[in-house]
There are 2 protein chains.
Amino acid sequence: MRSISVLGATGSIGASTLDLIRREPDKWRVVALTANGNAAGLARLAIEFRAEIAVVADENSLPDLREALAGSGIVASGGAAALVEAATRPADITVAAIVGCAGLAPTMAAIEQGRSVALANKEALVAAGEVMTAAVARSGATLLPTDSEHNAIFQCLAGNSYDHVRSITLTASGGPFLDWTMDQLHAATPAQAIKHPNWDMGAKISVDSATMFNKGLELIEAHHLFPVGLDRLKIIVHPQSVIHSMVEYRDGSTLAQLGPSDMRVPIASCLAWPQRMDTPLAPLDLAAIGELTFRAPDEERFPATRLCRLAAEAGGAAPAVLNAANEVAVAAFLAGKLPFTRIAVVVEQVLARYAPPPPVSLADVMAVDAAARAEARSVLELATK
Amino acid sequence: MRSISVLGATGSIGASTLDLIRREPDKWRVVALTANGNAAGLARLAIEFRAEIAVVADENSLPDLREALAGSGIVASGGAAALVEAATRPADITVAAIVGCAGLAPTMAAIEQGRSVALANKEALVAAGEVMTAAVARSGATLLPTDSEHNAIFQCLAGNSYDHVRSITLTASGGPFLDWTMDQLHAATPAQAIKHPNWDMGAKISVDSATMFNKGLELIEAHHLFPVGLDRLKIIVHPQSVIHSMVEYRDGSTLAQLGPSDMRVPIASCLAWPQRMDTPLAPLDLAAIGELTFRAPDEERFPATRLCRLAAEAGGAAPAVLNAANEVAVAAFLAGKLPFTRIAVVVEQVLARYAPPPPVSLADVMAVDAAARAEARSVLELATK
């Protein structure tokens, strides 16, 4: 029996994780479940899985959570400090699935435990970068990448040394606007951007997929997770999203991981690693799929990957600044206040205007994040005046 | 510095192996090199690589070999017993690359050493089956599969237990006749059959690729190498031959190995295993390749895989009988004495007529092989009367 905490239990990664746990109830003991503000949903899960503790990040939701859990014996708690405290409770594996920089502190707290952390929060690693990888090294934690691409790379690397890696290639679906012209892109609406062809995801990550910032952030993430050097990290557009990523070795062998577009596959890989566990997914049927296609990315129409590569090369605070600026710009786009093609422009401007020294602590990272958001908002105000 | 013997040094696998060794002369010491009858070619290689011993299987070529090696200090030897003696000389790794059942005895001798054997001779494993796998278990030898498909599977299995495998899929190019009608197949000539679209191979294996017997033999080979059960071994047609094979796990992850159609890739994987070594091959460029296609095999037009699966299910002597019958039928086809579509018919008839008890020794396997060949010849005589 293994113990597990799920930070971000009511989101899509949380739901996929708990779907797997639900199928093996005698193998898992649930420690902490957390949510942002969905007290009712969180309470339902906490009761079903007999969690030790349930935490809402938004303290305003705590009264509702307390009421819903009254008499259950499950501890109800709320607020940022409670989130960190929950992440600190010993668990064999913690699934870090809070979206955006809000997940940074609890993810770091889980890492400090020194056990296994299934990392689904790419923004946390992008923003914290070396601060997080240093914490992993210090605590001895095992970071298991849950993003389908990084999980694919993790599987393809199994048992091989980085010395033998010629290159790592992240596949990108290319998103819903793959074949759109610049004019079409300029007029793209939020509704169009969040219709992802292969994955059912939240709005923010769907827009990131449409701009290719998602792939760029994954490039930065891969740079931290798999330190083979940025020149050996590549991106290829593969619209069917069947191959999730690849590793090429110095002998000319390329290993690839393929699978359905269902997050339960990479999550199961993390939960069971280094073993395997069952998932209820149909076998891969390549004859039915028929063809897999590939093309080089177009960084003219989709400059995000170029910006992310530059930020990764710059290192230090640059990825945190880029990530914060992108979050603000995407929110403005989703609110109908910024054209789609200006998202990357805003990010590039913020990167040019704000270059703080490298963060060395979580507090530094949070400060850079806040300052970069403020900078992004002022760039947005100038742009929309 | 590691020691190596190459059984079948003048063939295409031998040439690819020695091309890799040639690039790392300070890392390898060559023990034995063997050939069938090409004394001049063998002597040239033996001198270049400073082999301890050079052996021709055909004793008639021994005088030429002796003359070519006079004064070199390299032992020249000839005949079946000398071949086995050479394979018995201690070497860290032996590449078993003699084509057909002629390679059976020296391959078994190499296995008896209890070290590493890179097995490129699929007929030996198909014919000897449990006799060979029992010898591997007894001697503690490490069998490293060199066929591109089995090497791909070997790489995709790295670190995973068979318990976690949902299925193993061998990819098949489909050969030069993939889209031919039955009428066209019936009129297919040897010249057409040996023009393989992706691989540059010998005549026998090229015909096997055209009939799909090659894939069927590989299915039997995989059945011995990776004992997950025949119901979990599948075949898919993939004309580009970029994915060499795949392993699907119980969690829905499929690992695939991709690479150029160059035997130096799987050979390098065997030579360096569990490390990696450099090869001079260009990186995989999927954007340039553009698309990979897949379809289910058509066992109406290409019954070979069905026959091979039946022989594997029957076990015992059946695969050896099938293999011998196929070698005889292919030779008749190459000699212009048998229509292409009759190859499988001859094999099926021999399987129906000759069902000896399971072989338990190498001598038994050789006897089954010889008797099956005789049976095949008599079937052929009936057919061509």
# chains A, B, ... in the order shown; residues from 1 in each chain; ligands from 1

call {"tool": "closest_atom_pairs", "arguments": {"of": "chain B", "to": "chain A", "cutoff": "8 Å", "atoms": "only C-alpha atoms", "output": "JSON lines"}}
result
{"residue": "B:Cys156", "atom": "CA", "partner": "A:Leu255", "partner_atom": "CA", "distance": 7.4}
{"residue": "B:Ala158", "atom": "CA", "partner": "A:Gly159", "partner_atom": "CA", "distance": 7.2}
{"residue": "B:Gly159", "atom": "CA", "partner": "A:Gly159", "partner_atom": "CA", "distance": 7.0}
{"residue": "B:Asn160", "atom": "CA", "partner": "A:Gln275", "partner_atom": "CA", "distance": 7.4}
{"residue": "B:His164", "atom": "CA", "partner": "A:Arg276", "partner_atom": "CA", "distance": 6.0}
{"residue": "B:Ile236", "atom": "CA", "partner": "A:Ala287", "partner_atom": "CA", "distance": 7.2}
{"residue": "B:Glu248", "atom": "CA", "partner": "A:Pro283", "partner_atom": "CA", "distance": 7.9}
{"residue": "B:Tyr249", "atom": "CA", "partner": "A:Arg276", "partner_atom": "CA", "distance": 7.5}
{"residue": "B:Arg250", "atom": "CA", "partner": "A:Asp278", "partner_atom": "CA", "distance": 5.2}
{"residue": "B:Asp251", "atom": "CA", "partner": "A:Asp278", "partner_atom": "CA", "distance": 4.7}
{"residue": "B:Gly252", "atom": "CA", "partner": "A:Val265", "partner_atom": "CA", "distance": 5.8}
{"residue": "B:Ser253", "atom": "CA", "partner": "A:Gly259", "partner_atom": "CA", "distance": 5.3}
{"residue": "B:Thr254", "atom": "CA", "partner": "A:Leu258", "partner_atom": "CA", "distance": 4.9}
{"residue": "B:Leu255", "atom": "CA", "partner": "A:Gln257", "partner_atom": "CA", "distance": 4.5}
{"residue": "B:Ala256", "atom": "CA", "partner": "A:Ala256", "partner_atom": "CA", "distance": 5.1}
{"residue": "B:Gln257", "atom": "CA", "partner": "A:Leu255", "partner_atom": "CA", "distance": 4.5}
{"residue": "B:Leu258", "atom": "CA", "partner": "A:Thr254", "partner_atom": "CA", "distance": 4.9}
{"residue": "B:Gly259", "atom": "CA", "partner": "A:Ser253", "partner_atom": "CA", "distance": 5.3}
{"residue": "B:Pro260", "atom": "CA", "partner": "A:Gly252", "partner_atom": "CA", "distance": 7.4}
{"residue": "B:Val265", "atom": "CA", "partner": "A:Gly252", "partner_atom": "CA", "distance": 5.8}
{"residue": "B:Pro266", "atom": "CA", "partner": "A:Ser253", "partner_atom": "CA", "distance": 7.7}
{"residue": "B:Ala268", "atom": "CA", "partner": "A:Asp251", "partner_atom": "CA", "distance": 6.4}
{"residue": "B:Ser269", "atom": "CA", "partner": "A:Asp251", "partner_atom": "CA", "distance": 7.0}
{"residue": "B:Gln275", "atom": "CA", "partner": "A:Asn160", "partner_atom": "CA", "distance": 7.4}
{"residue": "B:Arg276", "atom": "CA", "partner": "A:His164", "partner_atom": "CA", "distance": 6.0}
{"residue": "B:Met277", "atom": "CA", "partner": "A:Asp251", "partner_atom": "CA", "distance": 5.5}
{"residue": "B:Asp278", "atom": "CA", "partner": "A:Asp251", "partner_atom": "CA", "distance": 4.7}
{"residue": "B:Thr279", "atom": "CA", "partner": "A:Asp251", "partner_atom": "CA", "distance": 4.9}
{"residue": "B:Pro280", "atom": "CA", "partner": "A:Asp251", "partner_atom": "CA", "distance": 8.0}
{"residue": "B:Leu281", "atom": "CA", "partner": "A:Gly252", "partner_atom": "CA", "distance": 6.2}
{"residue": "B:Ala282", "atom": "CA", "partner": "A:Gly252", "partner_atom": "CA", "distance": 7.5}
{"residue": "B:Pro283", "atom": "CA", "partner": "A:Gly252", "partner_atom": "CA", "distance": 6.6}
{"residue": "B:Leu284", "atom": "CA", "partner": "A:Gly252", "partner_atom": "CA", "distance": 7.5}
{"residue": "B:Leu286", "atom": "CA", "partner": "A:Phe294", "partner_atom": "CA", "distance": 6.0}
{"residue": "B:Ala287", "atom": "CA", "partner": "A:Arg295", "partner_atom": "CA", "distance": 4.2}
{"residue": "B:Ala288", "atom": "CA", "partner": "A:Arg295", "partner_atom": "CA", "distance": 7.4}
{"residue": "B:Ile289", "atom": "CA", "partner": "A:Phe294", "partner_atom": "CA", "distance": 7.7}
{"residue": "B:Gly290", "atom": "CA", "partner": "A:Phe294", "partner_atom": "CA", "distance": 5.0}
{"residue": "B:Glu291", "atom": "CA", "partner": "A:Thr293", "partner_atom": "CA", "distance": 4.2}
{"residue": "B:Leu292", "atom": "CA", "partner": "A:Leu292", "partner_atom": "CA", "distance": 5.1}
{"residue": "B:Thr293", "atom": "CA", "partner": "A:Glu291", "partner_atom": "CA", "distance": 4.2}
{"residue": "B:Phe294", "atom": "CA", "partner": "A:Ala287", "partner_atom": "CA", "distance": 4.9}
{"residue": "B:Arg295", "atom": "CA", "partner": "A:Ala287", "partner_atom": "CA", "distance": 4.2}
{"residue": "B:Ala296", "atom": "CA", "partner": "A:Ala287", "partner_atom": "CA", "distance": 5.6}

call {"tool": "select_by_dssp", "arguments": {"residues": "region 99-208 of chain A", "states": "helix (DSSP H, G or I)", "output": "NGL selection string"}}
result
:A and (100-112 or 122-128 or 130-139 or 148-157 or 162-164 or 182-186 or 190-193 or 203-208)

call {"tool": "closest_atom_pairs", "arguments": {"of": "region 171-272 of chain B", "to": "region 304-315 of chain B", "cutoff": "8 Å", "atoms": "only C-alpha atoms", "output": "CSV"}}
result
residue,atom,partner,partner_atom,distance
B:Thr211,CA,B:Ala304,CA,6.5
B:Met212,CA,B:Ala304,CA,5.7
B:Phe213,CA,B:Ala304,CA,4.9
B:Lys215,CA,B:Thr305,CA,6.6
B:Gly216,CA,B:Thr305,CA,4.3
B:Leu217,CA,B:Cys308,CA,6.4
B:Leu219,CA,B:Arg309,CA,7.2
B:Ile220,CA,B:Ala312,CA,5.7
B:His223,CA,B:Ala312,CA,7.6
B:Leu230,CA,B:Glu313,CA,7.3

call {"tool": "write_last_selection", "arguments": {"atoms": "N, CA and C atoms", "output": "compact mmCIF listing (two decimals), in the first residue's frame"}}
result
# COMPACT_ATOMS: atom_id res chain seq x y z
N THR B 211 7.76 -12.54 -49.82
CA THR B 211 6.68 -13.48 -49.48
C THR B 211 6.08 -13.20 -48.10
N MET B 212 6.79 -12.39 -47.29
CA MET B 212 6.48 -12.16 -45.87
C MET B 212 6.93 -13.34 -45.00
N PHE B 213 7.62 -14.35 -45.60
CA PHE B 213 8.19 -15.39 -44.73
C PHE B 213 9.22 -14.78 -43.78
N LYS B 215 9.05 -11.99 -42.22
CA LYS B 215 8.34 -11.50 -41.04
C LYS B 215 7.81 -12.65 -40.21
N GLY B 216 7.35 -13.70 -40.91
CA GLY B 216 6.87 -14.87 -40.17
C GLY B 216 7.98 -15.54 -39.38
N LEU B 217 9.17 -15.67 -40.00
CA LEU B 217 10.31 -16.23 -39.27
C LEU B 217 10.68 -15.34 -38.09
N LEU B 219 8.60 -13.58 -36.45
CA LEU B 219 7.58 -13.82 -35.42
C LEU B 219 7.99 -15.01 -34.56
N ILE B 220 8.46 -16.08 -35.23
CA ILE B 220 8.90 -17.27 -34.49
C ILE B 220 10.12 -16.91 -33.63
N HIS B 223 9.08 -15.01 -30.68
CA HIS B 223 8.42 -15.92 -29.74
C HIS B 223 9.45 -16.58 -28.82
N LEU B 230 2.34 -16.11 -27.92
CA LEU B 230 2.08 -15.78 -29.33
C LEU B 230 0.90 -14.84 -29.51

call {"tool": "select_by_dssp", "arguments": {"residues": "region 156-372 of chain B", "states": "strand (DSSP E or B)", "output": "PyMOL selection string"}}
result
chain B and resi 165-172+233-237+243-249+254-258+291-293+295

call {"tool": "residues_around", "arguments": {"residues": "Ala86 (chain A)", "least_positions_apart": "6", "cutoff": "12 Å", "atoms": "only C-alpha atoms", "output": "JSON list (two decimals) with all heavy atoms, in the first residue's frame"}}
result
[["chain", "number", "residue", "atom", "x", "y", "z"],
["A", 4, "ILE", "N", -0.40, 8.67, -1.16],
["A", 4, "ILE", "CA", -0.36, 9.65, -2.25],
["A", 4, "ILE", "C", -1.08, 10.93, -1.84],
["A", 4, "ILE", "O", -2.08, 10.89, -1.12],
["A", 4, "ILE", "CB", -1.00, 9.06, -3.53],
["A", 4, "ILE", "CG1", -0.88, 10.03, -4.71],
["A", 4, "ILE", "CG2", -2.47, 8.67, -3.30],
["A", 4, "ILE", "CD1", -1.25, 9.41, -6.05],
["A", 5, "SER", "N", -0.53, 12.07, -2.27],
["A", 5, "SER", "CA", -1.23, 13.36, -2.15],
["A", 5, "SER", "C", -1.42, 13.91, -3.55],
["A", 5, "SER", "O", -0.55, 13.74, -4.42],
["A", 5, "SER", "CB", -0.41, 14.33, -1.31],
["A", 5, "SER", "OG", -0.42, 13.96, 0.05],
["A", 6, "VAL", "N", -2.55, 14.56, -3.75],
["A", 6, "VAL", "CA", -2.81, 15.17, -5.06],
["A", 6, "VAL", "C", -3.08, 16.66, -4.85],
["A", 6, "VAL", "O", -4.10, 17.06, -4.29],
["A", 6, "VAL", "CB", -4.02, 14.51, -5.77],
["A", 6, "VAL", "CG1", -4.22, 15.13, -7.16],
["A", 6, "VAL", "CG2", -3.82, 13.00, -5.88],
["A", 7, "LEU", "N", -2.12, 17.47, -5.30],
["A", 7, "LEU", "CA", -2.26, 18.92, -5.21],
["A", 7, "LEU", "C", -2.92, 19.39, -6.50],
["A", 7, "LEU", "O", -2.33, 19.29, -7.58],
["A", 7, "LEU", "CB", -0.87, 19.57, -5.05],
["A", 7, "LEU", "CG", 0.05, 18.94, -3.98],
["A", 7, "LEU", "CD1", 1.40, 19.66, -3.96],
["A", 7, "LEU", "CD2", -0.61, 18.98, -2.61],
["A", 8, "GLY", "N", -4.14, 19.85, -6.39],
["A", 8, "GLY", "CA", -4.91, 20.19, -7.59],
["A", 8, "GLY", "C", -5.81, 19.02, -7.95],
["A", 8, "GLY", "O", -5.84, 18.57, -9.10],
["A", 30, "VAL", "N", -4.80, 7.74, 0.57],
["A", 30, "VAL", "CA", -4.74, 9.14, 0.16],
["A", 30, "VAL", "C", -4.47, 10.02, 1.37],
["A", 30, "VAL", "O", -5.19, 9.95, 2.37],
["A", 30, "VAL", "CB", -6.04, 9.55, -0.56],
["A", 30, "VAL", "CG1", -6.03, 11.05, -0.87],
["A", 30, "VAL", "CG2", -6.20, 8.74, -1.85],
["A", 31, "VAL", "N", -3.43, 10.84, 1.27],
["A", 31, "VAL", "CA", -3.06, 11.73, 2.37],
["A", 31, "VAL", "C", -3.77, 13.07, 2.20],
["A", 31, "VAL", "O", -4.76, 13.34, 2.87],
["A", 31, "VAL", "CB", -1.53, 11.91, 2.44],
["A", 31, "VAL", "CG1", -1.15, 12.86, 3.58],
["A", 31, "VAL", "CG2", -0.84, 10.56, 2.61],
["A", 32, "ALA", "N", -3.29, 13.89, 1.28],
["A", 32, "ALA", "CA", -3.86, 15.23, 1.12],
["A", 32, "ALA", "C", -4.45, 15.40, -0.27],
["A", 32, "ALA", "O", -3.88, 14.95, -1.27],
["A", 32, "ALA", "CB", -2.78, 16.29, 1.35],
["A", 33, "LEU", "N", -5.61, 16.06, -0.33],
["A", 33, "LEU", "CA", -6.20, 16.50, -1.60],
["A", 33, "LEU", "C", -6.40, 18.01, -1.50],
["A", 33, "LEU", "O", -6.87, 18.49, -0.46],
["A", 33, "LEU", "CB", -7.54, 15.81, -1.86],
["A", 33, "LEU", "CG", -7.53, 14.28, -2.01],
["A", 33, "LEU", "CD1", -8.96, 13.77, -2.25],
["A", 33, "LEU", "CD2", -6.62, 13.85, -3.16],
["A", 34, "THR", "N", -6.05, 18.72, -2.56],
["A", 34, "THR", "CA", -6.24, 20.17, -2.51],
["A", 34, "THR", "C", -6.96, 20.65, -3.77],
["A", 34, "THR", "O", -6.96, 19.97, -4.80],
["A", 34, "THR", "CB", -4.90, 20.93, -2.40],
["A", 34, "THR", "OG1", -4.32, 21.06, -3.71],
["A", 34, "THR", "CG2", -3.90, 20.22, -1.49],
["A", 35, "ALA", "N", -7.57, 21.84, -3.63],
["A", 35, "ALA", "CA", -8.23, 22.47, -4.78],
["A", 35, "ALA", "C", -8.06, 23.98, -4.63],
["A", 35, "ALA", "O", -7.59, 24.45, -3.58],
["A", 35, "ALA", "CB", -9.71, 22.11, -4.80],
["A", 51, "ALA", "N", -9.46, 10.80, 2.43],
["A", 51, "ALA", "CA", -8.24, 11.57, 2.60],
["A", 51, "ALA", "C", -8.04, 11.95, 4.06],
["A", 51, "ALA", "O", -9.01, 12.05, 4.82],
["A", 51, "ALA", "CB", -8.29, 12.83, 1.73],
["A", 52, "GLU", "N", -6.78, 12.17, 4.43],
["A", 52, "GLU", "CA", -6.49, 12.68, 5.78],
["A", 52, "GLU", "C", -6.91, 14.14, 5.89],
["A", 52, "GLU", "O", -7.46, 14.57, 6.90],
["A", 52, "GLU", "CB", -4.98, 12.64, 6.06],
["A", 52, "GLU", "CG", -4.45, 11.32, 6.53],
["A", 52, "GLU", "CD", -2.94, 11.38, 6.70],
["A", 52, "GLU", "OE1", -2.39, 12.49, 6.91],
["A", 52, "GLU", "OE2", -2.30, 10.32, 6.58],
["A", 53, "ILE", "N", -6.59, 14.90, 4.83],
["A", 53, "ILE", "CA", -6.80, 16.33, 4.90],
["A", 53, "ILE", "C", -7.22, 16.86, 3.52],
["A", 53, "ILE", "O", -6.75, 16.35, 2.49],
["A", 53, "ILE", "CB", -5.50, 17.05, 5.38],
["A", 53, "ILE", "CG1", -5.70, 18.58, 5.45],
["A", 53, "ILE", "CG2", -4.30, 16.72, 4.52],
["A", 53, "ILE", "CD1", -4.56, 19.32, 6.15],
["A", 54, "ALA", "N", -8.09, 17.86, 3.54],
["A", 54, "ALA", "CA", -8.52, 18.53, 2.30],
["A", 54, "ALA", "C", -8.26, 20.03, 2.48],
["A", 54, "ALA", "O", -8.58, 20.58, 3.53],
["A", 54, "ALA", "CB", -9.99, 18.27, 2.03],
["A", 55, "VAL", "N", -7.67, 20.64, 1.46],
["A", 55, "VAL", "CA", -7.29, 22.04, 1.57],
["A", 55, "VAL", "C", -7.78, 22.83, 0.36],
["A", 55, "VAL", "O", -7.55, 22.41, -0.79],
["A", 55, "VAL", "CB", -5.75, 22.20, 1.66],
["A", 55, "VAL", "CG1", -5.37, 23.67, 1.88],
["A", 55, "VAL", "CG2", -5.18, 21.33, 2.76],
["A", 56, "VAL", "N", -8.42, 23.97, 0.63],
["A", 56, "VAL", "CA", -8.74, 24.90, -0.46],
["A", 56, "VAL", "C", -7.74, 26.06, -0.40],
["A", 56, "VAL", "O", -7.47, 26.59, 0.68],
["A", 56, "VAL", "CB", -10.18, 25.45, -0.38],
["A", 56, "VAL", "CG1", -11.17, 24.46, -0.98],
["A", 56, "VAL", "CG2", -10.55, 25.82, 1.04],
["A", 57, "ALA", "N", -7.19, 26.41, -1.55],
["A", 57, "ALA", "CA", -6.22, 27.51, -1.58],
["A", 57, "ALA", "C", -6.91, 28.83, -1.25],
["A", 57, "ALA", "O", -6.34, 29.69, -0.57],
["A", 57, "ALA", "CB", -5.56, 27.58, -2.96],
["A", 75, "VAL", "N", -9.71, 16.38, 8.04],
["A", 75, "VAL", "CA", -9.31, 17.74, 8.38],
["A", 75, "VAL", "C", -9.59, 18.67, 7.21],
["A", 75, "VAL", "O", -9.25, 18.35, 6.07],
["A", 75, "VAL", "CB", -7.81, 17.79, 8.74],
["A", 75, "VAL", "CG1", -7.37, 19.23, 9.07],
["A", 75, "VAL", "CG2", -7.48, 16.85, 9.88],
["A", 76, "ALA", "N", -10.24, 19.80, 7.47],
["A", 76, "ALA", "CA", -10.47, 20.81, 6.43],
["A", 76, "ALA", "C", -9.59, 22.01, 6.73],
["A", 76, "ALA", "O", -9.47, 22.42, 7.88],
["A", 76, "ALA", "CB", -11.93, 21.23, 6.41],
["A", 77, "SER", "N", -8.95, 22.53, 5.69],
["A", 77, "SER", "CA", -8.04, 23.64, 5.93],
["A", 77, "SER", "C", -8.05, 24.55, 4.70],
["A", 77, "SER", "O", -8.57, 24.17, 3.63],
["A", 77, "SER", "CB", -6.64, 23.06, 6.21],
["A", 77, "SER", "OG", -5.76, 24.06, 6.63],
["A", 78, "GLY", "N", -7.50, 25.78, 4.84],
["A", 78, "GLY", "CA", -7.56, 26.70, 3.72],
["A", 78, "GLY", "C", -6.43, 27.71, 3.74],
["A", 78, "GLY", "O", -5.80, 27.95, 4.78],
["A", 79, "GLY", "N", -6.11, 28.26, 2.56],
["A", 79, "GLY", "CA", -5.10, 29.31, 2.45],
["A", 79, "GLY", "C", -3.75, 28.77, 1.99],
["A", 79, "GLY", "O", -3.52, 27.56, 1.95],
["A", 80, "ALA", "N", -2.88, 29.70, 1.62],
["A", 80, "ALA", "CA", -1.58, 29.36, 1.04],
["A", 80, "ALA", "C", -0.71, 28.55, 1.99],
["A", 80, "ALA", "O", -0.07, 27.56, 1.60],
["A", 80, "ALA", "CB", -0.85, 30.62, 0.60],
["A", 94, "THR", "N", 3.67, 12.47, -4.49],
["A", 94, "THR", "CA", 2.80, 13.65, -4.53],
["A", 94, "THR", "C", 2.62, 14.02, -5.99],
["A", 94, "THR", "O", 3.60, 14.16, -6.73],
["A", 94, "THR", "CB", 3.43, 14.83, -3.78],
["A", 94, "THR", "OG1", 3.63, 14.46, -2.42],
["A", 94, "THR", "CG2", 2.54, 16.06, -3.86],
["A", 96, "ALA", "N", 1.84, 16.85, -8.31],
["A", 96, "ALA", "CA", 1.83, 18.32, -8.26],
["A", 96, "ALA", "C", 1.14, 18.82, -9.52],
["A", 96, "ALA", "O", 1.75, 18.94, -10.58],
["A", 96, "ALA", "CB", 3.26, 18.86, -8.16],
["A", 105, "ALA", "N", 4.87, 27.13, -4.59],
["A", 105, "ALA", "CA", 5.24, 26.89, -3.19],
["A", 105, "ALA", "C", 4.88, 25.48, -2.73],
["A", 105, "ALA", "O", 5.73, 24.78, -2.16],
["A", 105, "ALA", "CB", 4.61, 27.94, -2.29],
["A", 106, "PRO", "N", 3.64, 25.00, -2.98],
["A", 106, "PRO", "CA", 3.34, 23.63, -2.54],
["A", 106, "PRO", "C", 4.19, 22.58, -3.28],
["A", 106, "PRO", "O", 4.58, 21.57, -2.68],
["A", 106, "PRO", "CB", 1.85, 23.46, -2.85],
["A", 106, "PRO", "CG", 1.42, 24.65, -3.64],
["A", 106, "PRO", "CD", 2.42, 25.72, -3.42],
["A", 107, "THR", "N", 4.49, 22.80, -4.55],
["A", 107, "THR", "CA", 5.33, 21.85, -5.28],
["A", 107, "THR", "C", 6.72, 21.80, -4.64],
["A", 107, "THR", "O", 7.29, 20.71, -4.44],
["A", 107, "THR", "CB", 5.44, 22.25, -6.76],
["A", 107, "THR", "OG1", 4.13, 22.25, -7.34],
["A", 107, "THR", "CG2", 6.33, 21.29, -7.53],
["A", 108, "MET", "N", 7.27, 22.96, -4.32],
["A", 108, "MET", "CA", 8.57, 23.00, -3.66],
["A", 108, "MET", "C", 8.51, 22.29, -2.30],
["A", 108, "MET", "O", 9.43, 21.57, -1.92],
["A", 108, "MET", "CB", 9.03, 24.45, -3.48],
["A", 108, "MET", "CG", 9.47, 25.12, -4.78],
["A", 108, "MET", "SD", 11.02, 24.43, -5.46],
["A", 108, "MET", "CE", 12.19, 25.24, -4.36],
["A", 109, "ALA", "N", 7.41, 22.48, -1.57],
["A", 109, "ALA", "CA", 7.25, 21.83, -0.27],
["A", 109, "ALA", "C", 7.23, 20.31, -0.44],
["A", 109, "ALA", "O", 7.84, 19.58, 0.35],
["A", 109, "ALA", "CB", 5.97, 22.31, 0.41],
["A", 110, "ALA", "N", 6.56, 19.84, -1.48],
["A", 110, "ALA", "CA", 6.52, 18.39, -1.74],
["A", 110, "ALA", "C", 7.92, 17.88, -2.08],
["A", 110, "ALA", "O", 8.33, 16.80, -1.62],
["A", 110, "ALA", "CB", 5.54, 18.09, -2.87],
["A", 113, "GLN", "N", 10.25, 17.14, 0.82],
["A", 113, "GLN", "CA", 10.04, 15.84, 1.49],
["A", 113, "GLN", "C", 11.07, 14.80, 1.10],
["A", 113, "GLN", "O", 11.29, 13.83, 1.81],
["A", 113, "GLN", "CB", 8.69, 15.25, 1.08],
["A", 113, "GLN", "CG", 7.48, 15.75, 1.79],
["A", 113, "GLN", "CD", 6.33, 14.81, 1.42],
["A", 113, "GLN", "OE1", 6.46, 13.59, 1.41],
["A", 113, "GLN", "NE2", 5.21, 15.41, 1.10]]
